[in-house]
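start_28.txt follows; it contains compact mmCIF, C-alpha atoms.
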# COMPACT_ATOMS: atom_id res chain seq x y z
CA ARG A 197 -76.20 -23.64 0.80
CA PRO A 198 -75.15 -20.38 -0.91
CA HIS A 199 -71.48 -19.89 -1.68
CA GLY A 200 -69.52 -18.46 1.27
CA LYS A 201 -72.28 -18.99 3.85
CA GLY A 202 -72.33 -21.71 6.42
CA LYS A 203 -70.33 -24.94 6.20
CA GLY A 204 -71.56 -26.59 3.07
CA PHE A 205 -69.38 -28.53 0.65
CA PHE A 206 -67.20 -25.46 0.07
CA GLY A 207 -66.77 -24.67 3.81
CA ALA A 208 -66.75 -21.24 5.42
CA THR A 209 -64.20 -19.72 3.05
CA GLY A 210 -65.67 -20.97 -0.18
CA SER A 211 -62.72 -23.24 -1.06
CA PRO A 212 -63.46 -26.90 -1.72
CA ARG A 213 -62.74 -29.34 1.10
CA ALA A 214 -60.12 -31.97 0.44
CA PRO A 215 -61.51 -35.49 0.73
CA ARG A 216 -60.52 -37.24 3.96
CA ARG A 217 -57.74 -39.78 3.61
CA ARG A 218 -57.82 -42.94 5.64
CA MET A 219 -54.49 -43.47 7.38
CA PRO A 220 -53.10 -46.98 7.08
CA ARG A 221 -53.29 -48.99 10.26
CA ARG A 222 -49.90 -49.63 11.84
CA ALA A 223 -48.68 -53.16 11.92
CA ARG A 224 -48.93 -54.66 15.36
CA ARG A 225 -45.57 -55.21 16.98
CA ALA A 226 -44.62 -58.19 19.06
CA PRO A 227 -44.65 -57.34 22.77
CA VAL A 228 -41.27 -56.39 24.23
CA GLN A 229 -40.26 -58.22 27.36
CA PRO A 230 -39.63 -55.72 30.16
CA VAL A 231 -36.16 -55.44 31.65
CA SER A 232 -35.88 -55.92 35.37
CA LYS A 233 -35.80 -52.43 36.90
CA ALA A 234 -33.40 -53.60 39.61
CA LEU A 235 -31.04 -55.07 37.01
CA LEU A 236 -31.17 -51.95 34.87
CA LEU A 237 -30.40 -49.64 37.80
CA SER A 238 -27.59 -51.93 38.93
CA LEU A 239 -25.94 -51.95 35.50
CA LEU A 240 -26.19 -48.21 34.98
CA SER A 241 -25.07 -47.25 38.46
CA SER A 242 -22.09 -49.60 38.24
CA ALA A 243 -21.12 -48.19 34.87
CA ALA A 244 -21.42 -44.58 36.01
CA ALA A 245 -19.36 -45.23 39.13
CA LEU A 246 -16.28 -46.44 37.25
CA GLY A 247 -13.60 -44.26 35.77
CA GLU A 248 -14.06 -41.29 38.07
CA VAL A 249 -12.14 -38.21 37.01
CA ARG A 250 -12.41 -35.25 39.38
CA GLU A 251 -13.53 -32.01 37.76
CA LEU A 252 -11.67 -29.26 39.60
CA THR A 253 -12.33 -25.52 39.73
CA ASP A 254 -10.74 -22.47 41.32
CA ALA A 255 -12.79 -23.25 44.45
CA THR A 256 -12.09 -27.00 44.70
CA PHE A 257 -8.53 -27.41 43.40
CA ASP A 258 -6.81 -27.11 46.77
CA VAL A 259 -9.37 -29.41 48.36
CA VAL A 260 -8.18 -32.29 46.17
CA VAL A 261 -4.51 -31.43 45.57
CA THR A 262 -3.36 -31.61 49.20
CA GLY A 263 -0.32 -33.87 48.98
CA ALA A 264 -2.25 -36.81 50.44
CA GLN A 265 -2.31 -38.58 47.05
CA ASN A 266 -0.61 -38.52 43.69
CA VAL A 267 -2.70 -36.36 41.37
CA LEU A 268 -2.46 -36.08 37.59
CA VAL A 269 -4.31 -32.99 36.35
CA GLU A 270 -5.30 -32.33 32.76
CA PHE A 271 -5.87 -28.68 31.83
CA TYR A 272 -8.28 -28.62 28.90
CA ALA A 273 -10.77 -26.56 26.94
CA PRO A 274 -14.20 -27.81 25.83
CA ASP A 275 -13.62 -26.79 22.19
CA CYS A 276 -10.16 -28.42 21.97
CA GLY A 277 -10.16 -31.28 19.44
CA HIS A 278 -7.13 -33.04 20.99
CA CYS A 279 -8.79 -32.84 24.41
CA ARG A 280 -11.97 -34.48 23.12
CA THR A 281 -9.97 -37.26 21.43
CA MET A 282 -8.02 -37.92 24.60
CA GLU A 283 -10.95 -37.69 27.01
CA PRO A 284 -12.36 -41.27 26.80
CA GLU A 285 -8.85 -42.71 27.20
CA PHE A 286 -8.18 -40.52 30.21
CA TYR A 287 -11.38 -41.85 31.78
CA ALA A 288 -10.41 -45.42 30.86
CA ALA A 289 -7.10 -44.97 32.67
CA ALA A 290 -8.99 -43.68 35.72
CA GLU A 291 -11.16 -46.79 35.60
CA ALA A 292 -8.08 -49.03 35.57
CA LEU A 293 -6.79 -47.17 38.63
CA GLU A 294 -10.00 -47.37 40.64
CA ASN A 295 -8.49 -49.83 43.16
CA TYR A 296 -5.34 -47.74 43.66
CA THR A 297 -6.33 -45.16 46.24
CA ASP A 298 -3.05 -43.24 46.11
CA VAL A 299 -3.60 -42.01 42.53
CA VAL A 300 -6.22 -39.48 41.44
CA LEU A 301 -6.93 -38.29 37.89
CA ALA A 302 -8.45 -34.84 37.58
CA ARG A 303 -9.30 -32.18 34.99
CA VAL A 304 -9.49 -28.39 35.01
CA ASP A 305 -11.50 -26.42 32.46
CA ASN A 306 -9.21 -23.53 31.51
CA GLU A 307 -12.15 -21.29 30.63
CA GLU A 308 -13.94 -21.86 33.92
CA SER A 309 -10.89 -21.69 36.21
CA PRO A 310 -8.80 -18.63 35.26
CA MET A 311 -7.12 -18.34 38.68
CA ILE A 312 -5.74 -21.88 38.64
CA ARG A 313 -4.70 -21.49 35.01
CA LYS A 314 -2.73 -18.34 35.89
CA ARG A 315 -1.29 -19.86 39.05
CA PHE A 316 0.34 -22.73 37.14
CA ALA A 317 1.14 -20.69 34.00
CA ILE A 318 -1.06 -22.79 31.74
CA ASP A 319 -0.87 -21.32 28.24
CA GLY A 320 -2.56 -24.01 26.14
CA GLN A 321 -4.40 -27.30 26.13
CA PRO A 322 -4.23 -30.14 26.76
CA ILE A 323 -1.47 -29.65 29.31
CA PHE A 324 -0.77 -32.12 32.12
CA ARG A 325 0.75 -31.47 35.53
CA TRP A 326 1.80 -34.08 38.07
CA PHE A 327 1.41 -33.47 41.81
CA ALA A 328 3.40 -36.11 43.67
CA LYS A 329 2.23 -37.52 46.96
CA GLY A 330 3.57 -35.45 49.84
CA ARG A 331 3.85 -32.30 47.71
CA THR A 332 1.57 -29.59 46.36
CA ASP A 333 3.92 -28.05 43.81
CA ASP A 334 3.56 -29.25 40.22
CA GLU A 335 5.86 -31.20 37.94
CA THR A 336 5.65 -31.06 34.16
CA PHE A 337 4.05 -34.21 32.76
CA TYR A 338 4.84 -34.52 29.05
CA PHE A 339 2.36 -36.96 27.55
CA VAL A 340 4.26 -38.81 24.79
CA HIS A 341 2.19 -41.36 22.88
CA TYR A 342 3.42 -43.39 19.91
CA SER A 343 1.15 -46.39 19.44
CA GLY A 344 -1.49 -48.58 21.09
CA ARG A 345 -4.09 -47.18 23.44
CA MET A 346 -3.60 -43.76 24.99
CA ALA A 347 -4.99 -45.13 28.26
CA ASN A 348 -2.11 -47.62 28.49
CA THR A 349 0.40 -44.84 27.84
CA PHE A 350 -1.12 -42.90 30.75
CA LEU A 351 -0.89 -45.99 32.99
CA THR A 352 2.74 -46.63 32.04
CA MET A 353 3.79 -43.02 32.58
CA ILE A 354 2.00 -42.83 35.93
CA GLY A 355 3.61 -46.12 36.96
CA ASP A 356 7.05 -44.68 36.17
CA ARG A 357 6.37 -41.99 38.78
CA THR A 358 4.83 -44.21 41.45
CA ASN A 359 7.04 -47.29 40.92
CA GLU A 360 3.92 -49.36 40.32
CA THR A 361 2.91 -51.65 37.46
CA TYR A 362 -0.71 -51.01 36.60
CA PRO A 363 -2.93 -53.39 34.60
CA GLN A 364 -2.97 -52.72 30.88
CA LEU A 365 -6.26 -52.42 29.01
CA ALA A 366 -7.38 -54.21 25.87
CA THR A 367 -5.52 -52.97 22.79
CA GLU A 368 -8.72 -51.85 21.10
CA PRO A 369 -11.24 -50.03 23.31
CA ILE A 370 -14.49 -51.87 23.86
CA ARG A 371 -17.26 -49.62 22.59
CA ALA A 372 -21.03 -49.51 22.52
CA VAL A 373 -22.23 -50.41 19.03
CA GLY A 374 -24.03 -47.68 17.12
CA CYS A 375 -26.77 -48.72 14.71
CA LYS A 376 -29.72 -47.45 12.69
CA ALA A 377 -33.08 -48.98 11.85
CA GLU A 378 -31.75 -50.81 8.79
CA THR A 379 -28.85 -52.41 10.72
CA PHE A 380 -30.67 -53.07 14.00
CA ARG A 381 -31.17 -56.80 13.37
CA GLU A 382 -27.51 -57.24 12.53
CA HIS A 383 -26.64 -56.33 16.11
CA VAL A 384 -29.73 -57.51 17.97
CA ASP A 385 -30.20 -60.99 16.54
CA GLY A 386 -31.12 -63.04 19.60
CA ASP A 387 -27.82 -64.94 19.74
CA VAL A 388 -26.36 -62.68 22.44
CA ALA A 389 -28.13 -60.67 25.11
CA ALA A 390 -28.32 -56.99 24.16
CA PHE A 391 -28.71 -53.84 26.21
CA VAL A 392 -30.28 -51.31 23.85
CA ALA A 393 -30.46 -47.55 24.42
CA MET A 394 -32.78 -45.70 22.04
CA TYR A 395 -32.44 -41.94 21.66
CA THR A 396 -32.85 -39.04 19.29
CA PRO A 397 -29.87 -36.88 18.22
CA TRP A 398 -31.19 -33.89 20.17
CA SER A 399 -31.73 -35.91 23.36
CA GLU A 400 -28.32 -37.61 23.54
CA SER A 401 -26.14 -36.34 26.36
CA LYS A 402 -22.47 -36.76 27.17
CA PRO A 403 -23.05 -38.53 30.55
CA GLN A 404 -25.39 -41.03 28.89
CA GLY A 405 -22.84 -41.76 26.18
CA GLU A 406 -20.05 -42.22 28.72
CA THR A 407 -22.22 -44.55 30.80
CA LEU A 408 -22.98 -46.75 27.78
CA GLU A 409 -19.31 -46.93 26.81
CA THR A 410 -18.34 -47.83 30.37
CA LEU A 411 -21.10 -50.45 30.53
CA ALA A 412 -19.72 -52.08 27.37
CA ARG A 413 -16.22 -52.24 28.90
CA LEU A 414 -17.59 -53.46 32.21
CA ALA A 415 -19.46 -56.33 30.54
CA HIS A 416 -16.39 -57.26 28.50
CA ASP A 417 -14.03 -57.25 31.48
CA ALA A 418 -16.46 -59.39 33.48
CA GLY A 419 -16.69 -61.91 30.66
CA ALA A 420 -20.44 -61.32 30.30
CA SER A 421 -22.14 -62.25 27.04
CA LEU A 422 -23.76 -58.85 26.60
CA LYS A 423 -23.75 -56.44 23.68
CA VAL A 424 -24.41 -52.74 24.31
CA VAL A 425 -26.22 -51.13 21.39
CA LYS A 426 -27.28 -47.53 20.86
structure tokens encoding of this file:
Amino acid sequence: RPHGKGKGFFGATGSPRAPRRRMPRRARRAPVQPVSKALLLSLLSSAAALGEVRELTDATFDVVVTGAQNVLVEFYAPDCGHCRTMEPEFYAAAEALENYTDVVLARVDNEESPMIRKRFAIDGQPIFRWFAKGRTDDETFYFVHYSGRMANTFLTMIGDRTNETYPQLATEPIRAVGCKAETFREHVDGDVAAFVAMYTPWSESKPQGETLETLARLAHDAGASLKVVK
């Protein structure tokens, strides 16, 4: 056909068409055995339930700090590096205290709760305040950590105030193992059962990460032969 008319070899615009390339056929993968839905839900719900730290606001602070329990409150800011470093250990301490109903660990976001921050003269972060059982006024709680796990320092300092001896956690925190495609088989080798979470960097969320870390600790404390990989 004449140049520029119709859809001949040169197409509608007159430029030559690129030859079609045949895409290589993907290698067939071995079928993956499905995980029991009931087992999966049980594991994740158990992991998410442990280590509860109450997030308090201007509206909910006085609902929790009533004098009925001992309450340790951390005042923090989301962009505080020390707060982020301390956070998983604070949650680990809460997990160790889950069977002690007279102790509550809580947090207050300084940016979201200006009234509470002003009420207790909080001028930085992280700052801790202790509310002893039977009282609603605060005591200064200086967190002094020298070595070992921060979570164990929290447990020791809380025990000094409640006259209790709380269980100490493993010296090194049990963590979910991070891996990439090239190291996947090093961690998932068939010798030990593996719970694998696959994600993309833009889909990862903080609650998911915390749940995986808690699941790893839960499996370790129960003596289960299970590796958590992400």
Worksheet entry | Proximity to Val260 of chain A - best of A:Thr332, A:Ser401, A:Thr379, A:Ser421, only C-alpha atoms |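 With only C-alpha atoms as the atom set, the closest residue is A:Thr332.
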Fill in: Counting all atoms listed in the file, the option among A:Arg371, A:Lys314, A:Arg303, A:Lys376 closest to Val424 of chain A
A:Arg371
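You will find atom CA of Ala273 of chain A at 11.5 Å from atom CA of Ile318 of chain A.
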Residues of segment 349-397 of chain A at most 10 Å from segment 277-288 of chain A: nearest atom pair and distance in Å, all atoms listed in the file, as a tab-separated table:
residue	atom	partner	partner_atom	distance
A:Thr349	CA	A:Glu285	CA	9.5
A:Phe350	CA	A:Phe286	CA	7.5
A:Leu351	CA	A:Phe286	CA	9.5
A:Leu365	CA	A:Ala288	CA	8.3
A:Pro369	CA	A:Glu285	CA	8.6
Practice prompt. Point out the residue among A:Val267, A:Ala292, A:Leu422, A:Val300 with the least atom-to-atom distance to Gly386 of chain A, counting only C-alpha atoms.
Written response: A:Leu422
Item to complete: Enter the distance from atom CA of Glu382 of chain A to atom CA of Lys423 of chain A, in Å, rounded to one decimal.
Response: 11.8 Å
Would you fill out segment 306-317 of chain A with all heavy atoms and return it as a PDB file, in the frame of the given file?
ATOM      1  N   ASN A 306      -9.961 -24.795  31.519  1.00  0.00           N
ATOM      2  CA  ASN A 306      -9.210 -23.530  31.510  1.00  0.00           C
ATOM      3  C   ASN A 306     -10.117 -22.313  31.461  1.00  0.00           C
ATOM      4  O   ASN A 306      -9.794 -21.261  32.037  1.00  0.00           O
ATOM      5  CB  ASN A 306      -8.254 -23.500  30.313  1.00  0.00           C
ATOM      6  CG  ASN A 306      -7.045 -24.381  30.530  1.00  0.00           C
ATOM      7  OD1 ASN A 306      -6.679 -24.690  31.658  1.00  0.00           O
ATOM      8  ND2 ASN A 306      -6.413 -24.792  29.445  1.00  0.00           N
ATOM      9  N   GLU A 307     -11.246 -22.435  30.774  1.00  0.00           N
ATOM     10  CA  GLU A 307     -12.150 -21.290  30.630  1.00  0.00           C
ATOM     11  C   GLU A 307     -12.889 -20.987  31.926  1.00  0.00           C
ATOM     12  O   GLU A 307     -13.198 -19.835  32.213  1.00  0.00           O
ATOM     13  CB  GLU A 307     -13.145 -21.557  29.500  1.00  0.00           C
ATOM     14  CG  GLU A 307     -12.500 -21.700  28.127  1.00  0.00           C
ATOM     15  CD  GLU A 307     -13.517 -22.011  27.044  1.00  0.00           C
ATOM     16  OE1 GLU A 307     -14.731 -22.081  27.368  1.00  0.00           O
ATOM     17  OE2 GLU A 307     -13.108 -22.181  25.891  1.00  0.00           O
ATOM     18  N   GLU A 308     -13.169 -22.030  32.698  1.00  0.00           N
ATOM     19  CA  GLU A 308     -13.940 -21.860  33.920  1.00  0.00           C
ATOM     20  C   GLU A 308     -13.073 -21.606  35.155  1.00  0.00           C
ATOM     21  O   GLU A 308     -13.596 -21.244  36.206  1.00  0.00           O
ATOM     22  CB  GLU A 308     -14.819 -23.093  34.165  1.00  0.00           C
ATOM     23  CG  GLU A 308     -15.856 -23.361  33.084  1.00  0.00           C
ATOM     24  CD  GLU A 308     -16.910 -22.275  33.030  1.00  0.00           C
ATOM     25  OE1 GLU A 308     -17.210 -21.700  34.086  1.00  0.00           O
ATOM     26  OE2 GLU A 308     -17.430 -21.998  31.928  1.00  0.00           O
ATOM     27  N   SER A 309     -11.773 -21.817  35.041  1.00  0.00           N
ATOM     28  CA  SER A 309     -10.890 -21.690  36.210  1.00  0.00           C
ATOM     29  C   SER A 309      -9.687 -20.807  35.884  1.00  0.00           C
ATOM     30  O   SER A 309      -8.542 -21.276  35.843  1.00  0.00           O
ATOM     31  CB  SER A 309     -10.437 -23.079  36.672  1.00  0.00           C
ATOM     32  OG  SER A 309     -11.544 -23.908  36.949  1.00  0.00           O
ATOM     33  N   PRO A 310      -9.902 -19.516  35.660  1.00  0.00           N
ATOM     34  CA  PRO A 310      -8.800 -18.630  35.260  1.00  0.00           C
ATOM     35  C   PRO A 310      -7.724 -18.464  36.337  1.00  0.00           C
ATOM     36  O   PRO A 310      -6.552 -18.269  36.015  1.00  0.00           O
ATOM     37  CB  PRO A 310      -9.511 -17.305  34.976  1.00  0.00           C
ATOM     38  CG  PRO A 310     -10.785 -17.364  35.779  1.00  0.00           C
ATOM     39  CD  PRO A 310     -11.195 -18.796  35.756  1.00  0.00           C
ATOM     40  N   MET A 311      -8.098 -18.533  37.615  1.00  0.00           N
ATOM     41  CA  MET A 311      -7.120 -18.340  38.680  1.00  0.00           C
ATOM     42  C   MET A 311      -6.120 -19.490  38.742  1.00  0.00           C
ATOM     43  O   MET A 311      -4.917 -19.282  38.882  1.00  0.00           O
ATOM     44  CB  MET A 311      -7.843 -18.173  40.020  1.00  0.00           C
ATOM     45  CG  MET A 311      -8.690 -16.912  40.119  1.00  0.00           C
ATOM     46  SD  MET A 311      -9.641 -16.820  41.658  1.00  0.00           S
ATOM     47  CE  MET A 311      -8.332 -16.790  42.868  1.00  0.00           C
ATOM     48  N   ILE A 312      -6.626 -20.713  38.630  1.00  0.00           N
ATOM     49  CA  ILE A 312      -5.740 -21.880  38.640  1.00  0.00           C
ATOM     50  C   ILE A 312      -4.872 -21.893  37.387  1.00  0.00           C
ATOM     51  O   ILE A 312      -3.681 -22.221  37.440  1.00  0.00           O
ATOM     52  CB  ILE A 312      -6.568 -23.178  38.749  1.00  0.00           C
ATOM     53  CG1 ILE A 312      -7.203 -23.274  40.142  1.00  0.00           C
ATOM     54  CG2 ILE A 312      -5.714 -24.410  38.473  1.00  0.00           C
ATOM     55  CD1 ILE A 312      -6.219 -23.377  41.278  1.00  0.00           C
ATOM     56  N   ARG A 313      -5.462 -21.540  36.253  1.00  0.00           N
ATOM     57  CA  ARG A 313      -4.700 -21.490  35.010  1.00  0.00           C
ATOM     58  C   ARG A 313      -3.532 -20.513  35.133  1.00  0.00           C
ATOM     59  O   ARG A 313      -2.402 -20.809  34.736  1.00  0.00           O
ATOM     60  CB  ARG A 313      -5.620 -21.069  33.861  1.00  0.00           C
ATOM     61  CG  ARG A 313      -4.938 -21.090  32.495  1.00  0.00           C
ATOM     62  CD  ARG A 313      -5.871 -20.637  31.406  1.00  0.00           C
ATOM     63  NE  ARG A 313      -6.133 -19.201  31.503  1.00  0.00           N
ATOM     64  CZ  ARG A 313      -7.338 -18.660  31.531  1.00  0.00           C
ATOM     65  NH1 ARG A 313      -8.426 -19.411  31.494  1.00  0.00           N
ATOM     66  NH2 ARG A 313      -7.487 -17.341  31.586  1.00  0.00           N
ATOM     67  N   LYS A 314      -3.792 -19.356  35.721  1.00  0.00           N
ATOM     68  CA  LYS A 314      -2.730 -18.340  35.890  1.00  0.00           C
ATOM     69  C   LYS A 314      -1.708 -18.805  36.922  1.00  0.00           C
ATOM     70  O   LYS A 314      -0.495 -18.597  36.740  1.00  0.00           O
ATOM     71  CB  LYS A 314      -3.366 -17.016  36.316  1.00  0.00           C
ATOM     72  CG  LYS A 314      -2.365 -15.892  36.473  1.00  0.00           C
ATOM     73  CD  LYS A 314      -3.058 -14.581  36.846  1.00  0.00           C
ATOM     74  CE  LYS A 314      -2.054 -13.445  37.005  1.00  0.00           C
ATOM     75  NZ  LYS A 314      -2.742 -12.170  37.379  1.00  0.00           N
ATOM     76  N   ARG A 315      -2.171 -19.425  37.970  1.00  0.00           N
ATOM     77  CA  ARG A 315      -1.290 -19.860  39.050  1.00  0.00           C
ATOM     78  C   ARG A 315      -0.218 -20.841  38.576  1.00  0.00           C
ATOM     79  O   ARG A 315       0.943 -20.779  39.008  1.00  0.00           O
ATOM     80  CB  ARG A 315      -2.145 -20.505  40.148  1.00  0.00           C
ATOM     81  CG  ARG A 315      -1.398 -21.138  41.308  1.00  0.00           C
ATOM     82  CD  ARG A 315      -2.419 -21.594  42.320  1.00  0.00           C
ATOM     83  NE  ARG A 315      -1.922 -22.576  43.251  1.00  0.00           N
ATOM     84  CZ  ARG A 315      -2.691 -23.204  44.151  1.00  0.00           C
ATOM     85  NH1 ARG A 315      -3.993 -22.918  44.225  1.00  0.00           N
ATOM     86  NH2 ARG A 315      -2.183 -24.087  44.969  1.00  0.00           N
ATOM     87  N   PHE A 316      -0.606 -21.732  37.631  1.00  0.00           N
ATOM     88  CA  PHE A 316       0.340 -22.730  37.140  1.00  0.00           C
ATOM     89  C   PHE A 316       0.851 -22.406  35.724  1.00  0.00           C
ATOM     90  O   PHE A 316       1.422 -23.273  35.064  1.00  0.00           O
ATOM     91  CB  PHE A 316      -0.289 -24.118  37.187  1.00  0.00           C
ATOM     92  CG  PHE A 316      -0.555 -24.595  38.588  1.00  0.00           C
ATOM     93  CD1 PHE A 316      -1.850 -24.577  39.102  1.00  0.00           C
ATOM     94  CD2 PHE A 316       0.477 -25.022  39.396  1.00  0.00           C
ATOM     95  CE1 PHE A 316      -2.109 -25.003  40.402  1.00  0.00           C
ATOM     96  CE2 PHE A 316       0.231 -25.442  40.693  1.00  0.00           C
ATOM     97  CZ  PHE A 316      -1.055 -25.430  41.202  1.00  0.00           C
ATOM     98  N   ALA A 317       0.625 -21.174  35.288  1.00  0.00           N
ATOM     99  CA  ALA A 317       1.140 -20.690  34.000  1.00  0.00           C
ATOM    100  C   ALA A 317       0.741 -21.601  32.854  1.00  0.00           C
ATOM    101  O   ALA A 317       1.572 -21.980  32.024  1.00  0.00           O
ATOM    102  CB  ALA A 317       2.660 -20.543  34.071  1.00  0.00           C
TER     103      ALA A 317
END
